[in-house]
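Q: Got my_file.txt for you, compact mmCIF, C-alpha atoms:
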# COMPACT_ATOMS: atom_id res chain seq x y z
CA MET N 60 61.82 -4.91 -74.91
CA ARG N 61 58.92 -2.67 -73.88
CA THR N 62 57.53 -3.10 -70.38
CA LEU N 63 53.91 -2.32 -69.50
CA VAL N 64 52.40 -2.23 -66.02
CA PRO N 65 48.60 -2.01 -66.22
CA PHE N 66 47.12 -0.12 -63.27
CA ALA N 67 43.53 0.38 -62.13
CA ALA N 68 43.74 3.88 -60.69
CA VAL N 69 40.12 4.26 -59.56
CA ASN N 70 38.62 2.19 -56.72
CA PRO N 71 41.33 -0.48 -56.85
CA LYS N 72 41.64 -3.69 -54.80
CA THR N 73 37.97 -3.96 -53.84
CA ARG N 74 38.52 -7.39 -52.27
CA LEU N 75 40.52 -5.66 -49.55
CA ASP N 76 37.52 -3.54 -48.52
CA SER N 77 36.98 -5.48 -45.30
CA VAL N 78 40.35 -4.26 -43.96
CA LEU N 79 41.06 -1.00 -45.84
CA THR N 80 38.99 2.10 -46.59
CA GLY N 81 38.68 3.33 -50.18
CA ASP N 82 41.40 5.94 -49.70
CA GLU N 83 43.64 3.34 -48.09
CA ARG N 84 43.10 0.90 -50.94
CA ALA N 85 44.08 3.62 -53.41
CA ALA N 86 47.22 4.41 -51.40
CA PHE N 87 48.21 0.77 -50.93
CA ALA N 88 47.68 0.01 -54.63
CA ARG N 89 50.01 2.91 -55.46
CA ALA N 90 52.61 1.62 -52.98
CA MET N 91 52.51 -1.77 -54.74
CA LEU N 92 52.80 -0.01 -58.12
CA ARG N 93 55.89 1.89 -56.94
CA SER N 94 57.36 -1.37 -55.71
CA VAL N 95 56.78 -3.14 -59.01
CA CYS N 96 58.15 -0.24 -61.09
CA ALA N 97 61.26 0.05 -58.92
CA THR N 98 61.89 -3.70 -59.13
CA LEU N 99 61.51 -3.63 -62.91
CA GLN N 100 64.05 -0.81 -63.08
CA GLN N 101 66.45 -2.82 -60.93
CA ALA N 102 66.00 -5.68 -63.41
CA GLY N 103 67.04 -3.35 -66.24
CA SER N 104 63.55 -2.65 -67.64
CA GLU N 105 62.00 0.76 -68.32
CA PRO N 106 58.38 0.40 -67.21
CA THR N 107 55.48 2.33 -68.71
CA VAL N 108 52.42 2.41 -66.49
CA LEU N 109 49.21 1.83 -68.45
CA SER N 110 46.81 3.56 -66.10
CA THR N 111 43.03 3.97 -66.22
CA ALA N 112 43.45 7.58 -65.01
CA ALA N 113 46.16 10.21 -64.61
CA LEU N 114 48.57 9.61 -61.71
CA ALA N 115 50.37 12.03 -59.44
CA ALA N 116 54.08 12.06 -60.18
CA THR N 117 54.70 11.23 -56.53
CA ALA N 118 52.95 7.90 -57.07
CA LEU N 119 55.80 6.66 -59.23
CA PRO N 120 59.57 6.21 -59.15
CA ALA N 121 61.55 8.68 -61.25
CA ASP N 122 61.85 7.89 -64.95
CA THR N 123 58.56 5.99 -65.11
CA SER N 124 56.26 7.05 -67.93
CA VAL N 125 52.48 6.83 -67.92
CA VAL N 126 49.97 6.14 -70.68
CA VAL N 127 46.34 6.78 -69.72
CA ASP N 128 43.70 4.49 -71.21
CA ASP N 129 40.41 4.14 -69.36
CA ARG N 130 39.17 1.14 -71.31
CA PRO N 131 39.03 -2.34 -69.73
CA LEU N 132 42.33 -4.09 -69.02
CA THR N 133 42.26 -6.57 -71.91
CA THR N 134 41.31 -3.92 -74.49
CA ALA N 135 43.90 -1.42 -73.29
CA VAL N 136 46.72 -3.99 -73.28
CA ASN N 137 45.84 -5.39 -76.69
CA ASP N 138 45.87 -1.89 -78.15
CA GLN N 139 49.51 -1.71 -77.04
CA LEU N 140 50.36 -5.06 -78.65
CA THR N 141 49.82 -3.92 -82.24
CA THR N 142 53.55 -3.73 -82.87
CA ASP N 143 56.40 -6.12 -83.51
CA THR N 144 58.29 -5.01 -80.39
CA PRO N 145 58.62 -7.76 -77.76
CA THR N 146 56.62 -6.70 -74.71
CA LEU N 147 56.67 -7.61 -71.03
CA ILE N 148 53.32 -7.07 -69.28
CA MET N 149 53.50 -7.22 -65.52
CA MET N 150 50.62 -6.70 -63.11
CA ALA N 151 50.92 -3.89 -60.54
CA ASP N 152 49.97 -6.02 -57.50
CA LEU N 153 53.14 -8.13 -57.29
CA PRO N 154 55.17 -6.53 -54.50
CA LEU N 155 57.03 -9.78 -53.78
CA ALA N 156 58.65 -9.68 -57.22
CA THR N 157 62.43 -9.40 -57.26
CA PRO N 158 64.79 -8.40 -60.06
CA GLU N 159 65.92 -12.04 -60.18
CA SER N 160 62.37 -13.37 -60.67
CA ILE N 161 61.80 -10.86 -63.50
CA ARG N 162 65.11 -11.83 -65.12
CA ARG N 163 64.08 -15.49 -64.95
CA LEU N 164 60.81 -14.70 -66.73
CA ILE N 165 62.61 -12.78 -69.47
CA ALA N 166 65.21 -15.53 -69.77
CA ALA N 167 62.43 -18.10 -70.20
CA SER N 168 61.45 -16.26 -73.36
CA ASP N 169 64.89 -15.80 -74.87
CA ASP N 170 67.22 -18.49 -73.62
CA ALA N 171 69.14 -19.94 -76.52
CA GLY N 172 67.73 -23.35 -75.74
CA THR N 173 64.07 -22.40 -75.54
CA ASP N 174 63.46 -19.24 -77.57
CA ALA N 175 59.77 -19.18 -76.60
CA ASP N 176 57.32 -16.83 -78.32
CA ILE N 177 55.36 -16.45 -75.09
CA ALA N 178 56.64 -16.70 -71.51
CA ILE N 179 54.14 -16.78 -68.66
CA ALA N 180 54.40 -16.34 -64.91
CA PRO N 181 51.14 -17.96 -63.75
CA GLY N 182 49.27 -16.55 -60.80
CA LEU N 183 47.57 -18.63 -58.16
CA GLY N 184 44.02 -19.45 -59.21
CA GLY N 185 44.67 -19.73 -62.94
CA GLY N 186 45.61 -16.11 -63.65
CA THR N 187 48.47 -14.60 -65.64
CA ASN N 188 50.58 -12.32 -63.49
CA ALA N 189 53.36 -11.53 -65.92
CA LEU N 190 53.81 -12.27 -69.59
CA VAL N 191 56.44 -11.77 -72.27
CA VAL N 192 55.00 -11.54 -75.79
CA ARG N 193 57.31 -12.05 -78.76
CA ALA N 194 54.58 -13.22 -81.18
CA PRO N 195 53.16 -10.07 -82.86
CA ALA N 196 49.75 -11.68 -83.53
CA PHE N 197 49.20 -12.69 -79.88
CA ARG N 198 46.45 -10.97 -77.93
CA VAL N 199 45.71 -11.18 -74.20
CA ASP N 200 42.45 -12.09 -72.48
CA TYR N 201 42.63 -11.47 -68.75
CA HIS N 202 39.13 -12.64 -67.92
CA GLY N 203 38.81 -15.81 -65.81
CA ALA N 204 41.38 -18.60 -66.18
CA SER N 205 43.68 -16.52 -68.31
CA TYR N 206 46.64 -18.87 -67.93
CA LEU N 207 44.80 -21.62 -69.78
CA ASP N 208 43.33 -19.16 -72.30
CA HIS N 209 46.76 -17.71 -73.04
CA ARG N 210 48.21 -21.18 -73.57
CA ALA N 211 45.34 -22.01 -75.93
CA ALA N 212 45.75 -18.72 -77.81
CA ALA N 213 49.46 -19.38 -78.24
CA ALA N 214 48.75 -22.90 -79.50
CA ASP N 215 46.27 -21.50 -82.04
CA LEU N 216 49.05 -19.28 -83.40
CA GLY N 217 51.61 -22.07 -83.39
CA ALA N 218 53.56 -20.03 -80.83
CA THR N 219 55.80 -21.74 -78.27
CA VAL N 220 55.15 -21.19 -74.56
CA GLU N 221 57.40 -21.39 -71.52
CA THR N 222 56.29 -20.89 -67.94
CA VAL N 223 58.44 -19.62 -65.10
CA ASP N 224 58.20 -21.34 -61.72
CA SER N 225 58.18 -18.35 -59.34
CA ARG N 226 56.30 -18.03 -56.07
CA ARG N 227 57.16 -14.33 -56.01
CA LEU N 228 55.55 -13.69 -59.40
CA ALA N 229 52.62 -15.99 -58.55
CA THR N 230 51.61 -14.09 -55.43
CA ASP N 231 49.27 -11.29 -56.46
CA ILE N 232 47.85 -9.34 -53.55
CA ASP N 233 44.06 -9.37 -53.71
CA GLU N 234 42.64 -10.51 -50.38
CA PRO N 235 43.32 -9.84 -46.69
CA SER N 236 45.12 -13.17 -46.26
CA ASP N 237 47.54 -12.14 -49.03
CA LEU N 238 48.76 -9.25 -46.86
CA ALA N 239 50.57 -11.79 -44.66
CA GLU N 240 52.71 -12.74 -47.67
CA VAL N 241 53.82 -9.10 -48.01
CA LEU N 242 54.73 -8.88 -44.32
CA ILE N 243 56.59 -12.24 -44.38
CA HIS N 244 58.40 -12.09 -47.71
CA GLY N 245 58.23 -8.50 -48.94
CA ASP N 246 60.39 -5.46 -48.61
CA GLY N 247 60.09 -1.98 -50.04
CA PRO N 248 57.16 0.44 -50.31
CA ALA N 249 54.23 -2.01 -50.03
CA ARG N 250 55.51 -3.65 -46.85
CA GLU N 251 56.38 -0.26 -45.37
CA TRP N 252 52.90 1.02 -46.17
CA LEU N 253 51.27 -1.91 -44.34
CA ILE N 254 53.49 -1.49 -41.30
CA ASP N 255 52.82 2.29 -41.20
CA ALA N 256 49.09 1.49 -41.42
CA GLY N 257 49.41 -0.67 -38.30
CA PHE N 258 49.36 -4.15 -39.82
CA ASP N 259 51.24 -6.93 -38.11
CA LEU N 260 51.45 -10.69 -38.48
CA ASP N 261 48.92 -12.60 -36.41
CA ARG N 262 50.59 -15.84 -35.36
CA SER N 263 48.09 -16.71 -32.65
CA ASP N 264 46.38 -19.32 -34.82
CA GLY N 265 47.80 -22.28 -36.73
CA ARG N 266 47.91 -20.37 -39.98
CA VAL N 267 49.48 -16.94 -40.20
CA GLY N 268 47.19 -13.99 -40.82
CA VAL N 269 47.29 -10.25 -40.24
CA ARG N 270 45.85 -8.01 -37.58
CA ARG N 271 45.74 -4.24 -37.29
CA ARG N 272 46.46 -2.02 -34.34
CA MET W 1125 71.87 -36.66 -49.10
CA ARG W 1126 69.03 -38.40 -47.28
CA THR W 1127 65.48 -37.55 -48.32
CA LEU W 1128 62.53 -37.76 -45.93
CA VAL W 1129 58.86 -37.39 -46.85
CA PRO W 1130 56.72 -37.09 -43.70
CA PHE W 1131 53.25 -38.55 -44.19
CA ALA W 1132 50.14 -38.46 -42.00
CA ALA W 1133 48.64 -41.86 -42.82
CA VAL W 1134 45.54 -41.67 -40.61
CA ASN W 1135 42.69 -39.21 -41.30
CA PRO W 1136 44.77 -36.94 -43.55
CA LYS W 1137 43.77 -33.69 -45.24
CA THR W 1138 40.87 -32.85 -42.95
CA ARG W 1139 40.44 -29.42 -44.56
CA LEU W 1140 39.22 -31.23 -47.69
CA ASP W 1141 36.34 -32.83 -45.80
CA SER W 1142 33.73 -30.62 -47.46
CA VAL W 1143 34.50 -32.19 -50.84
CA LEU W 1144 35.98 -35.64 -50.06
CA THR W 1145 34.91 -38.48 -47.75
CA GLY W 1146 37.37 -39.90 -45.23
CA ASP W 1147 38.26 -42.81 -47.52
CA GLU W 1148 38.68 -40.44 -50.44
CA ARG W 1149 40.96 -38.15 -48.45
CA ALA W 1150 43.11 -41.16 -47.54
CA ALA W 1151 43.28 -42.23 -51.18
CA PHE W 1152 44.01 -38.74 -52.50
CA ALA W 1153 46.72 -38.17 -49.88
CA ARG W 1154 48.37 -41.41 -51.04
CA ALA W 1155 48.13 -40.33 -54.67
CA MET W 1156 49.93 -37.09 -53.77
CA LEU W 1157 52.53 -39.11 -51.81
CA ARG W 1158 53.18 -41.33 -54.85
CA SER W 1159 53.52 -38.22 -57.00
CA VAL W 1160 56.05 -36.61 -54.64
CA CYS W 1161 58.10 -39.82 -54.27
CA ALA W 1162 58.20 -40.40 -58.02
CA THR W 1163 59.26 -36.79 -58.65
CA LEU W 1164 62.02 -37.06 -56.04
CA GLN W 1165 63.27 -40.22 -57.76
CA GLN W 1166 63.28 -38.40 -61.10
CA ALA W 1167 65.37 -35.70 -59.44
CA GLY W 1168 67.90 -38.35 -58.38
CA SER W 1169 66.83 -38.64 -54.73
CA GLU W 1170 65.99 -41.85 -52.84
CA PRO W 1171 63.00 -40.91 -50.68
CA THR W 1172 62.21 -42.51 -47.34
CA VAL W 1173 58.61 -42.01 -46.25
CA LEU W 1174 58.34 -41.12 -42.57
CA SER W 1175 54.80 -42.34 -41.96
CA THR W 1176 52.59 -42.23 -38.89
CA ALA W 1177 51.38 -45.77 -39.71
CA ALA W 1178 52.31 -48.73 -41.93
CA LEU W 1179 51.54 -48.26 -45.63
CA ALA W 1180 50.46 -50.76 -48.26
CA ALA W 1181 53.26 -51.37 -50.75
CA THR W 1182 50.85 -50.36 -53.51
CA ALA W 1183 50.70 -46.88 -52.02
CA LEU W 1184 54.30 -46.18 -53.05
CA PRO W 1185 56.53 -46.25 -56.10
CA ALA W 1186 59.05 -49.13 -56.25
CA ASP W 1187 62.26 -48.67 -54.26
CA THR W 1188 60.68 -46.32 -51.72
CA SER W 1189 61.41 -47.23 -48.12
CA VAL W 1190 59.18 -46.49 -45.14
CA VAL W 1191 59.95 -45.67 -41.52
CA VAL W 1192 56.96 -45.72 -39.18
CA ASP W 1193 56.87 -43.17 -36.35
CA ASP W 1194 53.50 -42.27 -34.89
CA ARG W 1195 54.70 -39.25 -32.94
CA PRO W 1196 53.84 -35.69 -34.02
CA LEU W 1197 55.50 -34.39 -37.18
CA THR W 1198 58.08 -32.12 -35.56
CA THR W 1199 59.19 -34.79 -33.05
CA ALA W 1200 59.45 -37.53 -35.67
CA VAL W 1201 61.47 -35.38 -38.08
CA ASN W 1202 63.84 -34.10 -35.40
CA ASP W 1203 64.52 -37.67 -34.30
CA GLN W 1204 65.80 -38.28 -37.83
CA LEU W 1205 68.03 -35.19 -37.76
CA THR W 1206 70.39 -36.49 -35.06
CA THR W 1207 73.08 -37.24 -37.63
CA ASP W 1208 75.62 -35.30 -39.67
CA THR W 1209 74.13 -36.45 -42.97
CA PRO W 1210 72.62 -33.61 -45.03
CA THR W 1211 68.88 -34.17 -45.22
CA LEU W 1212 66.11 -33.03 -47.56
CA ILE W 1213 62.67 -32.98 -45.93
CA MET W 1214 59.80 -32.57 -48.36
CA MET W 1215 56.11 -32.53 -47.53
CA ALA W 1216 53.86 -35.15 -49.13
CA ASP W 1217 51.20 -32.72 -50.37
CA LEU W 1218 53.20 -31.06 -53.14
CA PRO W 1219 51.98 -32.73 -56.33
CA LEU W 1220 52.98 -29.73 -58.48
CA ALA W 1221 56.65 -30.30 -57.65
CA THR W 1222 58.88 -31.10 -60.60
CA PRO W 1223 62.38 -32.62 -60.71
CA GLU W 1224 63.64 -29.18 -61.77
CA SER W 1225 62.09 -27.42 -58.75
CA ILE W 1226 63.65 -29.99 -56.41
CA ARG W 1227 67.04 -29.62 -58.11
CA ARG W 1228 66.81 -25.83 -57.67
CA LEU W 1229 66.16 -26.29 -53.93
CA ILE W 1230 69.13 -28.62 -53.55
CA ALA W 1231 71.30 -26.28 -55.64
CA ALA W 1232 70.34 -23.39 -53.34
CA SER W 1233 72.00 -25.30 -50.52
CA ASP W 1234 75.18 -26.37 -52.29
CA ASP W 1235 75.98 -23.96 -55.08
CA ALA W 1236 79.61 -23.03 -54.96
CA GLY W 1237 78.63 -19.38 -54.55
CA THR W 1238 76.14 -19.81 -51.71
CA ASP W 1239 76.94 -22.95 -49.75
CA ALA W 1240 73.97 -22.41 -47.42
CA ASP W 1241 73.54 -24.49 -44.28
CA ILE W 1242 69.75 -24.38 -44.65
CA ALA W 1243 67.73 -24.06 -47.87
CA ILE W 1244 64.00 -23.44 -47.61
CA ALA W 1245 61.13 -23.65 -50.07
CA PRO W 1246 58.49 -21.51 -48.32
CA GLY W 1247 54.85 -22.45 -48.53
CA LEU W 1248 52.03 -19.97 -48.92
CA GLY W 1249 50.86 -18.73 -45.54
CA GLY W 1250 54.24 -18.83 -43.81
CA GLY W 1251 54.85 -22.58 -43.89
CA THR W 1252 57.94 -24.60 -44.81
CA ASN W 1253 57.17 -26.99 -47.65
CA ALA W 1254 60.64 -28.33 -48.31
CA LEU W 1255 63.91 -27.91 -46.48
CA VAL W 1256 67.53 -28.96 -46.92
CA VAL W 1257 69.42 -29.23 -43.62
CA ARG W 1258 73.23 -29.25 -43.66
CA ALA W 1259 73.67 -27.89 -40.12
CA PRO W 1260 73.71 -30.92 -37.76
CA ALA W 1261 72.43 -28.92 -34.78
CA PHE W 1262 69.38 -27.57 -36.63
CA ARG W 1263 65.94 -28.75 -35.51
CA VAL W 1264 62.58 -28.19 -37.20
CA ASP W 1265 59.39 -26.73 -35.74
CA TYR W 1266 56.47 -27.09 -38.10
CA HIS W 1267 53.89 -25.40 -35.92
CA GLY W 1268 52.47 -22.08 -37.18
CA ALA W 1269 54.68 -19.69 -39.16
CA SER W 1270 57.45 -22.23 -39.55
CA TYR W 1271 59.24 -20.29 -42.28
CA LEU W 1272 59.97 -17.43 -39.88
CA ASP W 1273 60.76 -19.84 -37.03
CA HIS W 1274 63.19 -21.80 -39.19
CA ARG W 1275 64.96 -18.61 -40.23
CA ALA W 1276 65.22 -17.56 -36.59
CA ALA W 1277 66.49 -21.00 -35.55
CA ALA W 1278 69.15 -20.89 -38.26
CA ALA W 1279 70.22 -17.40 -37.17
CA ASP W 1280 70.54 -18.62 -33.57
CA LEU W 1281 72.96 -21.30 -34.80
CA GLY W 1282 74.87 -18.88 -37.02
CA ALA W 1283 73.72 -20.99 -39.98
CA THR W 1284 73.27 -19.44 -43.43
CA VAL W 1285 69.87 -19.64 -45.13
CA GLU W 1286 68.84 -19.54 -48.77
CA THR W 1287 65.28 -19.63 -50.05
CA VAL W 1288 64.14 -20.99 -53.39
CA ASP W 1289 61.55 -19.02 -55.36
CA SER W 1290 59.25 -21.80 -56.59
CA ARG W 1291 55.49 -21.64 -57.06
CA ARG W 1292 55.45 -25.40 -57.52
CA LEU W 1293 57.08 -26.03 -54.15
CA ALA W 1294 54.98 -23.30 -52.50
CA THR W 1295 51.64 -24.83 -53.47
CA ASP W 1296 50.68 -27.35 -50.80
CA ILE W 1297 47.27 -28.87 -51.30
CA ASP W 1298 45.14 -28.32 -48.21
CA GLU W 1299 41.81 -26.77 -49.18
CA PRO W 1300 39.20 -27.27 -51.90
CA SER W 1301 40.39 -24.20 -53.84
CA ASP W 1302 43.87 -25.75 -54.01
CA LEU W 1303 42.50 -28.62 -56.10
CA ALA W 1304 42.18 -26.21 -59.03
CA GLU W 1305 45.97 -25.78 -58.96
CA VAL W 1306 46.40 -29.55 -59.39
CA LEU W 1307 44.01 -29.63 -62.33
CA ILE W 1308 45.61 -26.58 -64.00
CA HIS W 1309 49.31 -27.22 -63.40
CA GLY W 1310 49.67 -30.84 -62.27
CA ASP W 1311 50.28 -34.11 -63.99
CA GLY W 1312 50.77 -37.61 -62.63
CA PRO W 1313 48.88 -39.60 -59.98
CA ALA W 1314 47.26 -36.76 -58.00
CA ARG W 1315 45.74 -35.09 -61.05
CA GLU W 1316 44.61 -38.47 -62.42
CA TRP W 1317 42.99 -39.30 -59.09
CA LEU W 1318 40.99 -36.05 -59.11
CA ILE W 1319 39.83 -36.57 -62.68
CA ASP W 1320 38.84 -40.20 -61.94
CA ALA W 1321 36.90 -38.90 -58.92
CA GLY W 1322 34.92 -36.60 -61.19
CA PHE W 1323 36.57 -33.26 -60.48
CA ASP W 1324 36.73 -30.67 -63.19
CA LEU W 1325 37.65 -26.98 -63.41
CA ASP W 1326 34.77 -24.61 -62.79
CA ARG W 1327 35.38 -21.57 -64.97
CA SER W 1328 31.88 -20.16 -64.68
CA ASP W 1329 32.94 -17.50 -62.20
CA GLY W 1330 35.71 -14.90 -62.36
CA ARG W 1331 38.09 -17.06 -60.34
CA VAL W 1332 38.73 -20.66 -61.22
CA GLY W 1333 37.43 -23.31 -58.84
CA VAL W 1334 36.53 -26.97 -59.02
CA ARG W 1335 33.23 -28.81 -59.34
CA ARG W 1336 32.43 -32.50 -59.16
CA ARG W 1337 30.22 -34.58 -61.39
Any chance you could give the structure as structure tokens?
A:
Amino acid sequence: MRTLVPFAAVNPKTRLDSVLTGDERAAFARAMLRSVCATLQQAGSEPTVLSTAALAATALPADTSVVVDDRPLTTAVNDQLTTDTPTLIMMADLPLATPESIRRLIAASDDAGTDADIAIAPGLGGGTNALVVRAPAFRVDYHGASYLDHRAAAADLGATVETVDSRRLATDIDEPSDLAEVLIHGDGPAREWLIDAGFDLDRSDGRVGVRRR
Amino acid sequence: MRTLVPFAAVNPKTRLDSVLTGDERAAFARAMLRSVCATLQQAGSEPTVLSTAALAATALPADTSVVVDDRPLTTAVNDQLTTDTPTLIMMADLPLATPESIRRLIAASDDAGTDADIAIAPGLGGGTNALVVRAPAFRVDYHGASYLDHRAAAADLGATVETVDSRRLATDIDEPSDLAEVLIHGDGPAREWLIDAGFDLDRSDGRVGVRRR
């Protein structure tokens, strides 16, 4: 199976701009990318980063290849799907992912009992955080409620769909409140980056947030 | 194993007050409670609702018992834990839960390989949405970042902890944006209640929300 990790290299994670500068957002996005690539490797996958711009080799774990395509996400991914090879597409902002959660997603697509053409790890808010595509005619559409759109597209093709029930794959890191999830449940480069940048859990209120020294 | 479902019967779900009246919040909370109790029964559990006030029999599936205790959540639950019987405590606002997700939580606590004293299904934001307690001395504390507190309490007792990686058990329904999760991923009484009340997915923006007719 091929594994693709789409990555927005330029001005990433704009919804974090109230707590991180532009340079910090770029650095934190790369820390999450390293985390995701390393976790995929631990799960036995060989990730290829599909990046909107060239990346410094230091931004990636060893043995990670990069394809540069500056077109929009949906277009760039679909251009990679014009093959019969089963493909795993995993977003780069999932630092809570574990090898076990990735194995569960892959198993959802090829368990003897299910044998699904499409396996989806839904994100919170109707998104698609990770996806296994075994139907060569399937194309992605990441705009808006992509989880529902991907189910509908699979149904149009007569393709079977399984979903994986994973909090770790559902938690994409987009907003300041999401940073608490990384501090609580994460490990690896993204959590280390936040701690080095002075972030800490704020437990003074009823709900847990983050604060910065 | 005993199964407890704590339920705030009076003025529940106050963070939904921008989209639901007081009577509607009471009705929707009861629809979620019915959903959770029915799902527990499908998973082979016999839920007891630990309610802050008496409940109409129509609010519950058949064969669901009720214990009334009007004290705060943590106090009422801990009063039920003064026994050696293993206990599953599941919040009443988890209408995305499935029998499979509940079975995975229970399995995390009694798989031959793990045999954990405490199994936790973390909520988003540091909460504890469901919990299996097999350590008789363990007590809950639901205030604030209860996931971290429960881990610390288990460590103090020398009790082993497993977590279950479930988006469905992580998604508690507290705020208007959470209602989209019920419409996208739910089935059963809570989703039906929202649809009957005129709620629909709002896909006009980049992120999916809800609107009401």
Q: Interatomic distance between CA of Ser205 (chain N) and CA of Val1306 (chain W)?
A: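 The value is 16.0 Å.
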Q: Point out the residue among W:Ala1221, W:Ala1283, W:Val1264, W:Ile1230 with the least atom-to-atom distance to chain N, counting only C-alpha atoms.
A: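 Ranking W:Ala1221, W:Ala1283, W:Val1264, W:Ile1230 by distance to chain N, first place goes to W:Ala1221.
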Q: Output as a tab-separated table one row per residue of chain W within 8 Å of chain N: the closest atom pair and its distance in Å to one decimal place, counting all atoms listed in the file, sorted by chain and residue number ascending.
A:
residue	atom	partner	partner_atom	distance
W:Ser1225	CA	N:Asp224	CA	7.8
W:Leu1248	CA	N:Glu240	CA	7.4
W:Gly1249	CA	N:Val267	CA	5.8
W:Gly1250	CA	N:Val267	CA	6.3
W:His1267	CA	N:Gly265	CA	6.9
W:Gly1268	CA	N:Gly265	CA	4.7
W:Ala1269	CA	N:Val267	CA	6.0
W:Leu1272	CA	N:Ile243	CA	7.7
W:Asp1289	CA	N:Ser225	CA	5.3
W:Ser1290	CA	N:Ser225	CA	4.5
W:Arg1291	CA	N:Arg226	CA	3.8
W:Arg1292	CA	N:Asp224	CA	6.5
W:Ala1294	CA	N:Arg226	CA	6.5
W:Ala1304	CA	N:Gly184	CA	7.0
W:Glu1305	CA	N:Gly184	CA	6.6
W:Ile1308	CA	N:Gly185	CA	7.0
W:Arg1327	CA	N:Gly203	CA	6.8
W:Asp1329	CA	N:Gly203	CA	7.1
W:Gly1330	CA	N:Gly203	CA	4.7
W:Arg1331	CA	N:Gly203	CA	5.7
W:Val1332	CA	N:Gly184	CA	5.8
W:Gly1333	CA	N:Gly184	CA	7.6
Q: Quick one, how far is CA of Ala1321 (chain W) from CA of Met1214 (chain W)?
A: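 Atom-to-atom, CA of Ala1321 (chain W) to CA of Met1214 (chain W), that is 26.0 Å.
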Q: Taking all atoms of region 211-227 of chain N that the file lists and extending 5 Å past them on each side, where is the centre of the axis-aligned box and how long are its edges? Answer in Å to one decimal, as JSON.
A:
{"center_x": 51.9, "center_y": -18.6, "center_z": -69.7, "size_x": 23.1, "size_y": 18.6, "size_z": 37.4}
Q: So what do you get for CA of Arg1275 (chain W) versus CA of Glu251 (chain N), distance-wise?
A: 20.9 Å
Q: Residues near region 133-142 of chain N, anyone? I mean within 9 Å using only C-alpha atoms, not counting same-chain ones fewer than 2 positions away, as a ChimeraX atom specification.
A: /N:63,65,109,111,128-131,144-146,148,192,195-202
Q: Need to verify the contact set: Val1285 (chain W), 9 Å, only C-alpha atoms, exclusion of same-chain residues closer than 6 positions in sequence. Can you return it as a PyMOL selection string?
A: chain W and resi 1233+1240-1244+1275+1278-1279
Q: Would you write out those residues with C-alpha atoms, as a compact mmCIF listing (two decimals), in the frame of the given file?
A:
# COMPACT_ATOMS: atom_id res chain seq x y z
CA SER W 1233 72.00 -25.30 -50.52
CA ALA W 1240 73.97 -22.41 -47.42
CA ASP W 1241 73.54 -24.49 -44.28
CA ILE W 1242 69.75 -24.38 -44.65
CA ALA W 1243 67.73 -24.06 -47.87
CA ILE W 1244 64.00 -23.44 -47.61
CA ARG W 1275 64.96 -18.61 -40.23
CA ALA W 1278 69.15 -20.89 -38.26
CA ALA W 1279 70.22 -17.40 -37.17
Q: Show which residues sit within 12 Å of Thr117 (chain N), as a PDB file with C-alpha atoms, keeping the file's coordinate frame. Count all atoms listed in the file, and ignore same-chain residues fewer than 6 positions away.
A:
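Output file selection_38.pdb follows:
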ATOM      1  CA  ALA N  86      47.220   4.410 -51.400  1.00  0.00           C
ATOM      2  CA  ARG N  89      50.010   2.910 -55.460  1.00  0.00           C
ATOM      3  CA  ALA N  90      52.610   1.620 -52.980  1.00  0.00           C
ATOM      4  CA  LEU N  92      52.800  -0.010 -58.120  1.00  0.00           C
ATOM      5  CA  ARG N  93      55.890   1.890 -56.940  1.00  0.00           C
ATOM      6  CA  THR N 123      58.560   5.990 -65.110  1.00  0.00           C
TER       7      THR N 123
END
Q: Rank nothing, just name the residue among N:Ala249, N:Leu190, N:Ile161, N:Ala88 nearest to Thr73 (chain N), using all atoms listed in the file.
A: N:Ala88
Q: My list of candidates is N:Phe87, N:Ala166, N:Arg61, N:Arg272. Which is closest to Leu75 (chain N) when distances are computed with all atoms listed in the file?
A: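 Looking at the shortest contact to Leu75 (chain N), the residue is N:Phe87.
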